[in-house]
Structure formats: C-alpha cells, structure tokens
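What's in input09.cif: mmCIF, C-alpha atoms and all ligand atoms
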data_upload
#
loop_
_atom_site.label_atom_id
_atom_site.label_comp_id
_atom_site.auth_asym_id
_atom_site.auth_seq_id
_atom_site.Cartn_x
_atom_site.Cartn_y
_atom_site.Cartn_z
CA MET H 267 81.66 87.96 71.79
CA PRO H 268 78.78 88.59 74.23
CA GLY H 269 76.36 91.39 73.35
CA VAL H 270 75.83 94.59 75.26
CA ILE H 271 74.23 94.21 78.70
CA VAL H 272 70.96 96.14 79.02
CA LYS H 273 69.40 97.35 82.27
CA ILE H 274 65.96 98.91 82.40
CA CYS H 275 65.76 101.05 85.53
CA GLY H 276 62.85 102.39 87.56
CA LEU H 277 60.32 99.62 86.99
CA SER H 278 57.31 99.79 89.27
CA THR H 279 54.58 97.60 87.74
CA ALA H 280 54.23 93.93 86.84
CA PRO H 281 53.26 94.56 83.17
CA THR H 282 56.31 96.71 82.48
CA LEU H 283 58.53 94.22 84.31
CA GLU H 284 57.07 91.44 82.15
CA ALA H 285 57.72 93.57 79.04
CA THR H 286 61.32 94.06 80.16
CA ILE H 287 61.81 90.32 80.58
CA ALA H 288 60.07 89.57 77.27
CA ALA H 289 62.27 92.10 75.47
CA GLY H 290 65.34 90.19 76.66
CA ALA H 291 66.85 92.83 78.95
CA ASP H 292 69.51 91.55 81.35
CA MET H 293 68.72 93.59 84.47
CA ALA H 294 65.63 95.17 86.00
CA GLY H 295 66.23 98.15 88.29
CA PHE H 296 63.95 99.09 91.19
CA VAL H 297 64.23 102.51 92.82
CA PHE H 298 64.01 102.89 96.59
CA PHE H 299 64.10 106.66 96.99
CA GLU H 300 60.93 108.32 98.20
CA LYS H 301 61.33 111.55 96.25
CA SER H 302 61.50 109.65 92.96
CA PRO H 303 58.36 109.13 90.83
CA ARG H 304 59.68 105.55 90.39
CA HIS H 305 59.98 104.78 94.10
CA ILE H 306 58.48 101.45 95.13
CA THR H 307 57.39 100.34 98.57
CA LEU H 308 58.68 97.20 100.24
CA GLU H 309 55.33 95.53 99.56
CA THR H 310 55.62 96.26 95.82
CA ALA H 311 59.23 95.08 95.96
CA ARG H 312 58.08 91.74 97.35
CA GLU H 313 55.51 91.36 94.56
CA LEU H 314 57.82 92.41 91.72
CA GLY H 315 60.65 90.40 93.23
CA ARG H 316 58.54 87.26 92.93
CA VAL H 317 57.68 88.07 89.30
CA ALA H 318 61.35 88.62 88.40
CA GLN H 319 62.91 85.81 90.44
CA GLY H 320 65.13 83.60 88.25
CA ARG H 321 64.02 85.38 85.05
CA ILE H 322 66.08 88.57 85.11
CA ARG H 323 68.71 90.03 87.42
CA LYS H 324 67.12 92.34 89.97
CA VAL H 325 68.92 95.54 90.95
CA ALA H 326 67.97 97.51 94.07
CA LEU H 327 68.81 101.19 93.67
CA THR H 328 69.32 103.33 96.75
CA VAL H 329 70.72 106.77 97.56
CA ASP H 330 72.96 106.98 100.65
CA ALA H 331 70.87 104.33 102.40
CA ASP H 332 71.89 103.08 105.82
CA ASP H 333 72.32 99.41 106.68
CA SER H 334 68.92 98.93 108.26
CA THR H 335 67.19 100.39 105.19
CA LEU H 336 69.25 98.12 102.96
CA ASP H 337 68.45 95.13 105.21
CA ALA H 338 64.73 95.69 104.63
CA ILE H 339 65.12 96.19 100.87
CA VAL H 340 67.27 93.08 100.48
CA ALA H 341 64.77 91.03 102.49
CA ALA H 342 61.86 92.25 100.35
CA LEU H 343 63.34 92.17 96.84
CA ALA H 344 66.13 89.58 97.14
CA PRO H 345 68.21 91.58 94.64
CA ASP H 346 71.06 90.12 92.61
CA LEU H 347 72.93 93.44 92.68
CA LEU H 348 72.85 96.69 94.65
CA GLN H 349 73.12 100.06 92.90
CA LEU H 350 74.44 102.88 95.07
CA HIS H 351 73.41 106.18 93.50
CA GLY H 352 74.33 108.74 96.13
CA ALA H 353 77.51 110.19 97.59
CA GLU H 354 78.74 106.84 98.92
CA THR H 355 82.53 106.73 99.44
CA PRO H 356 84.72 103.86 98.23
CA GLU H 357 84.85 102.68 101.86
CA ARG H 358 81.05 102.67 102.13
CA VAL H 359 80.79 100.77 98.85
CA ALA H 360 83.29 98.16 100.11
CA ALA H 361 81.48 97.81 103.44
CA THR H 362 78.10 97.39 101.71
CA LYS H 363 79.50 94.73 99.40
CA ALA H 364 81.01 92.87 102.34
CA ARG H 365 77.84 93.07 104.45
CA PHE H 366 75.42 91.87 101.77
CA GLY H 367 77.72 89.71 99.65
CA LEU H 368 76.21 91.19 96.50
CA PRO H 369 77.87 92.78 93.46
CA ILE H 370 77.73 96.57 93.55
CA ILE H 371 76.96 99.06 90.81
CA LYS H 372 78.31 102.47 91.84
CA ALA H 373 76.95 105.50 90.03
CA ILE H 374 79.46 108.16 88.96
CA GLY H 375 77.98 111.53 87.98
CA VAL H 376 79.82 112.92 84.98
CA ALA H 377 80.08 116.57 83.98
CA GLY H 378 83.75 116.65 82.97
CA ALA H 379 86.90 114.60 82.50
CA ALA H 380 87.77 114.81 86.21
CA ASP H 381 84.58 112.90 87.05
CA VAL H 382 85.54 110.03 84.76
CA ALA H 383 89.01 110.01 86.33
CA ARG H 384 87.65 109.88 89.88
CA ALA H 385 85.82 106.66 89.09
CA ALA H 386 89.18 104.90 89.49
CA ALA H 387 88.81 105.29 93.26
CA PHE H 388 85.84 102.90 93.16
CA ARG H 389 87.42 100.23 90.96
CA GLU H 390 88.42 97.97 93.84
CA ALA H 391 85.16 98.22 95.77
CA ALA H 392 82.54 98.26 93.00
CA ASP H 393 81.86 95.62 90.39
CA ILE H 394 80.30 97.94 87.81
CA LEU H 395 80.83 101.70 87.43
CA LEU H 396 77.69 103.39 86.12
CA PHE H 397 78.50 106.62 84.31
CA ASP H 398 75.49 108.94 84.42
CA ALA H 399 74.88 112.65 83.86
CA LYS H 400 75.89 114.55 87.00
CA PRO H 401 72.82 115.89 88.82
CA ALA H 402 72.65 119.54 89.80
CA PRO H 403 73.93 120.05 93.37
CA ASN H 404 70.41 120.97 94.54
CA ALA H 405 68.57 118.26 92.56
CA ALA H 406 65.77 116.65 94.57
CA VAL H 407 66.25 113.37 92.69
CA PRO H 408 69.88 112.55 91.80
CA GLY H 409 69.20 110.41 88.72
CA GLY H 410 66.70 109.38 86.10
CA ALA H 411 66.52 112.88 84.64
CA GLY H 412 66.92 111.92 80.98
CA THR H 413 70.00 114.10 80.66
CA VAL H 414 72.78 113.16 78.25
CA PHE H 415 76.40 113.94 79.19
CA ASP H 416 79.23 114.40 76.72
CA TRP H 417 79.93 110.86 75.52
CA GLU H 418 83.29 112.02 74.16
CA LEU H 419 84.45 111.98 77.79
CA MET H 420 84.11 108.18 77.72
CA ARG H 421 86.03 107.72 74.49
CA GLY H 422 88.98 105.45 75.17
CA TYR H 423 87.87 104.74 78.76
CA GLY H 424 88.02 101.08 77.88
CA GLY H 425 86.70 99.81 81.18
CA GLY H 426 85.07 96.41 80.91
CA ASP H 427 83.42 97.28 84.19
CA SER H 428 81.51 100.30 82.89
CA MET H 429 77.83 100.90 82.27
CA LEU H 430 76.64 103.97 80.34
CA SER H 431 73.48 105.88 81.23
CA GLY H 432 71.95 109.33 81.05
CA GLY H 433 69.37 110.28 78.46
CA LEU H 434 69.67 107.11 76.39
CA ASP H 435 66.78 106.14 74.13
CA ALA H 436 66.10 103.93 71.12
CA ALA H 437 67.09 106.72 68.74
CA ASN H 438 70.49 107.60 70.23
CA VAL H 439 71.71 104.30 71.66
CA ALA H 440 73.58 103.14 68.55
CA GLU H 441 75.54 106.40 68.45
CA ALA H 442 76.25 106.15 72.19
CA LEU H 443 77.63 102.65 71.71
CA ARG H 444 79.66 103.67 68.68
CA LEU H 445 81.31 106.56 70.54
CA THR H 446 81.87 104.95 73.93
CA GLY H 447 82.13 101.21 73.26
CA ALA H 448 80.29 100.73 76.55
CA PRO H 449 79.74 97.05 77.37
CA ALA H 450 76.56 97.81 79.32
CA LEU H 451 73.71 100.33 79.21
CA ASP H 452 71.14 101.64 81.65
CA VAL H 453 67.97 103.54 80.74
CA SER H 454 64.99 104.99 82.54
CA SER H 455 63.41 108.15 81.04
CA GLY H 456 64.02 106.98 77.47
CA VAL H 457 61.54 104.14 77.93
CA GLU H 458 58.83 106.27 79.59
CA ARG H 459 55.79 107.87 77.96
CA GLU H 460 55.71 110.40 80.79
CA ARG H 461 57.94 110.95 83.78
CA GLY H 462 57.87 107.83 85.93
CA VAL H 463 55.53 105.89 83.60
CA LYS H 464 57.26 103.10 81.68
CA ASP H 465 56.01 102.17 78.20
CA GLU H 466 56.11 98.54 77.10
CA ALA H 467 56.64 99.30 73.40
CA MET H 468 59.44 101.76 74.22
CA ILE H 469 61.15 99.13 76.38
CA ALA H 470 61.04 96.62 73.50
CA ALA H 471 62.30 99.23 71.02
CA PHE H 472 65.18 100.23 73.28
CA VAL H 473 66.38 96.68 73.89
CA ALA H 474 66.17 95.90 70.15
CA ALA H 475 68.09 99.07 69.24
CA ALA H 476 70.75 98.36 71.88
CA ARG H 477 71.24 94.82 70.62
CA LYS H 478 71.52 96.06 67.04
CA GLY H 479 73.82 98.95 67.94
CA GLY H 480 75.99 96.75 70.11
CA ALA H 481 76.41 94.06 67.49
CA PHE H 482 79.70 95.60 66.43
CA PHE H 483 81.39 95.17 69.81
O1 LIG H 501 65.35 106.86 88.39
C1 LIG H 501 65.23 107.52 89.43
O2 LIG H 501 64.18 108.07 89.74
C2 LIG H 501 66.41 107.68 90.33
C3 LIG H 501 66.23 108.27 91.57
C4 LIG H 501 67.29 108.46 92.42
C5 LIG H 501 68.54 108.07 92.04
C6 LIG H 501 68.76 107.49 90.79
C7 LIG H 501 67.70 107.28 89.94
N1 LIG H 501 67.87 106.71 88.70
C8 LIG H 501 69.14 106.24 88.31
C9 LIG H 501 69.25 105.35 87.14
O3 LIG H 501 69.78 104.25 87.22
C10 LIG H 501 68.82 105.84 85.81
O4 LIG H 501 68.57 104.76 84.99
C11 LIG H 501 69.93 106.68 85.23
O5 LIG H 501 70.07 107.82 86.02
C12 LIG H 501 69.58 107.10 83.80
O6 LIG H 501 68.36 107.75 83.82
P1 LIG H 501 67.77 108.38 82.48
O7 LIG H 501 68.66 109.49 82.08
O8 LIG H 501 66.43 108.84 82.89
O9 LIG H 501 67.72 107.28 81.47
#

This entry written out as structure tokens:
Amino acid sequence: MPGVIVKICGLSTAPTLEATIAAGADMAGFVFFEKSPRHITLETARELGRVAQGRIRKVALTVDADDSTLDAIVAALAPDLLQLHGAETPERVAATKARFGLPIIKAIGVAGAADVARAAAFREAADILLFDAKPAPNAAVPGGAGTVFDWELMRGYGGGDSMLSGGLDAANVAEALRLTGAPALDVSSGVERERGVKDEAMIAAFVAAARKGGAFF
C-alpha cells in the first residue's frame, strides 16, 4: 500500500526547497498571495521552479486569482498542480482545471460538520480536497495559521481524495493520521522556526514522522 503523501507548503528559498526534496516529500507548495509572509514573486517562482523541476511536484497556491494572474504564475513556475485557497466556487474550480489542464487542490475551511459535508460539492471539479482550519471571516491571510481543527470531524470521511492540514507538526502528525486516516498531509507553520521562515531540520522531522505515522495505512 502506498504511504501517506506529504506536501510542504509555503517554500520561498532554494535551501528549504532542497531540504524538502532531500526529506522525500511528495509536493512543494509555493504561495502567491501578497499579504502572506510566504508570498513569492514571479522571479523567485522561476528560480525555484527550475530547482524543483522533475524532482518534486510543484503546487502553485492562489487565493481567488483571476485567469491573467494564473497565466503568469503558470508560465513562471510550471506547476504540476494548482491549489485554490479562496472562496472559489465549484464552477470556478472546474473552469480553472479546464483552462490550465492541471489537477486542482481545493481548500475547504473546516469549523464544523457542515463544512466537511459541503466539500461534496467540489468532488467533481477538484482532484484533491484539502481540509484546513477555517480562517476567521476577517483574516488577512486565509491559511497557514498553524491552527488545528477538530480532527474528529474527519473520522469516517473515507475520501481517498482528501488532504489534511491545519496546525500539523512532527509531534502531532501520528495522532492526526490515526484519527483521520488521511491519505495526504499538508504543513506550513509546523515546519517553521518563526512565521514564514522554514526550518530544514523541522522539514526533515515532519516528513519522517508522517512516514512513520502513516505506516499503518
Ligand atoms: O501559507 C500561507 O501563507 C497561505 C496564504 C494564503 C492562503 C493559504 C495559505 N496557506 C495554505 C496552506 O496550504 C497551508 O499549508 C495550510 O493552511 C496549513 O497551514 P499550517 O496550519 O500553517 O500548517
């Protein structure tokens, strides 16, 4: 049985990208959202895209981006997947997938059971449903806050298309996997020594803990 898929999100430097690849992560996420401390420019995207090319799957994360913004990001990074982390509708997700011909990760903010249920509306359009802690309505940055949601809400979800995120770290990932059975994981704050600053040793520790914790699935 294949192991758990691990995505390290919010990479912005070559050394931490290299550490992510060396640790054996499956996906590297790059944030294109100016208010985020992890935001990268198109120039950085071109550089990091070259480093990652053919070595790890590149994910471009955007928040309610329009087509011309996505055109520029896709041209710079050449991502393998797009992650839509805003209020995109199922129709917008489907249109984005059709336009770019790339698999889509759609983020679903979770605060209660109704949020998990509403993910069903995206099943057709998205390839992976990323369950993350729901941001506050007035949050300046709608993700990467290091907030855990109630994993019990995912118990029995059973979706092979799901990815779990929100406040994961090397210490809690085994318990998260045990409770949710998630086939894929996404982490940002839990591998940072300070907000927006990735730590190579923490990346290695997280991937190792995820592989160990996921060995039962
Ligand atoms: O990471 C960001 O700065 C970010 C900005 C805008 C939208 C989404 C963002 N991150 C989303 C992610 O994929 C994170 O990995 C996910 O929210 C989990 O973050 P964390 O709780 O910090 O591990």

(message) For a quick check of understanding, using only C-alpha atoms and all ligand atoms, which of H:Ala467, H:Leu336, H:Ala311, H:Leu327 has the smallest distance to ligand LIG 501 (chain H)?
(response)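 With only C-alpha atoms and all ligand atoms as the atom set, the closest residue is H:Leu327.
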
Review point. Within 7 Å of ligand LIG 501 (chain H), counting only C-alpha atoms and all ligand atoms, which protein or nucleic acid residues do you find, written as a ChimeraX atom specification?
Key: /H:274-276,297,299,302-305,327-329,351,398,407-414,431-434,452-456

Exercise. Rank nothing, just name the residue among H:Pro356, H:Gly320, H:Gly447, H:Gly462 nearest to H:Leu419, using all atoms listed in the file.
Key: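 Using all atoms listed in the file, H:Leu419 sits closest to H:Gly447.
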
If you count all atoms listed in the file, which residues fall within 9 Å of H:Ala440, apart from same-chain ones fewer than 3 positions away, as a list in words?
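Counting only the stated atoms, we get Ala436, Ala437, Leu443, Arg444, Leu445, Ala475, Ala476, Arg477, Lys478, Gly479 and Gly480 of chain H.
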
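One finds atom CA of H:Ala360 at 4.7 Å from atom CA of H:Ala391.
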
When you draw a straight line from atom CA of H:Lys363 to atom CA of H:Ala402, how long is it in Å?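 Result for atom CA of H:Lys363 versus atom CA of H:Ala402: 27.5 Å, one decimal.
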
*Hey, what's within 12 Å of stretch 278-290 of chain H if we count all atoms listed in the file and toss same-chain stuff fewer than 5 positions away? As number ranges by chain, please?*
H: 269-273, 295-298, 302-324, 326, 453-454, 457-458, 462-477

May I have the residues from that selection written out with C-alpha atoms, as a CSV table (one decimal), in the coordinates of the input?
chain,number,residue,atom,x,y,z
H,269,GLY,CA,76.4,91.4,73.4
H,270,VAL,CA,75.8,94.6,75.3
H,271,ILE,CA,74.2,94.2,78.7
H,272,VAL,CA,71.0,96.1,79.0
H,273,LYS,CA,69.4,97.4,82.3
H,295,GLY,CA,66.2,98.2,88.3
H,296,PHE,CA,64.0,99.1,91.2
H,297,VAL,CA,64.2,102.5,92.8
H,298,PHE,CA,64.0,102.9,96.6
H,302,SER,CA,61.5,109.6,93.0
H,303,PRO,CA,58.4,109.1,90.8
H,304,ARG,CA,59.7,105.6,90.4
H,305,HIS,CA,60.0,104.8,94.1
H,306,ILE,CA,58.5,101.4,95.1
H,307,THR,CA,57.4,100.3,98.6
H,308,LEU,CA,58.7,97.2,100.2
H,309,GLU,CA,55.3,95.5,99.6
H,310,THR,CA,55.6,96.3,95.8
H,311,ALA,CA,59.2,95.1,96.0
H,312,ARG,CA,58.1,91.7,97.4
H,313,GLU,CA,55.5,91.4,94.6
H,314,LEU,CA,57.8,92.4,91.7
H,315,GLY,CA,60.6,90.4,93.2
H,316,ARG,CA,58.5,87.3,92.9
H,317,VAL,CA,57.7,88.1,89.3
H,318,ALA,CA,61.4,88.6,88.4
H,319,GLN,CA,62.9,85.8,90.4
H,320,GLY,CA,65.1,83.6,88.2
H,321,ARG,CA,64.0,85.4,85.0
H,322,ILE,CA,66.1,88.6,85.1
H,323,ARG,CA,68.7,90.0,87.4
H,324,LYS,CA,67.1,92.3,90.0
H,326,ALA,CA,68.0,97.5,94.1
H,453,VAL,CA,68.0,103.5,80.7
H,454,SER,CA,65.0,105.0,82.5
H,457,VAL,CA,61.5,104.1,77.9
H,458,GLU,CA,58.8,106.3,79.6
H,462,GLY,CA,57.9,107.8,85.9
H,463,VAL,CA,55.5,105.9,83.6
H,464,LYS,CA,57.3,103.1,81.7
H,465,ASP,CA,56.0,102.2,78.2
H,466,GLU,CA,56.1,98.5,77.1
H,467,ALA,CA,56.6,99.3,73.4
H,468,MET,CA,59.4,101.8,74.2
H,469,ILE,CA,61.2,99.1,76.4
H,470,ALA,CA,61.0,96.6,73.5
H,471,ALA,CA,62.3,99.2,71.0
H,472,PHE,CA,65.2,100.2,73.3
H,473,VAL,CA,66.4,96.7,73.9
H,474,ALA,CA,66.2,95.9,70.2
H,475,ALA,CA,68.1,99.1,69.2
H,476,ALA,CA,70.8,98.4,71.9
H,477,ARG,CA,71.2,94.8,70.6

For a quick check of your reading of the model, name the residues lying within 7 Å of the coordinate (74.4, 103.4, 92.0), counting all atoms listed in the file, and write them as a ChimeraX atom specification. /H:327-328,349-352,371-373,396

### Atomic separation - atom CA of H:Glu354 relative to atom CA of H:Pro401, Å
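So the two atoms, atom CA of H:Pro401 and atom CA of H:Glu354, lie 14.8 Å apart.
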
message: Calculated over all atoms listed in the file, which of the candidates H:Asp393, H:Asp427, H:Asp337, H:Asp330 has the smallest distance to H:Thr355?
response: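 Nearest to H:Thr355: H:Asp330.
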
Ranking H:Ala405, H:Ala361, H:Leu451, H:Ala379 by minimum distance to H:Met420 and counting all atoms listed in the file, which one comes first?
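Residue with the minimum atom-to-atom distance to H:Met420: H:Ala379.
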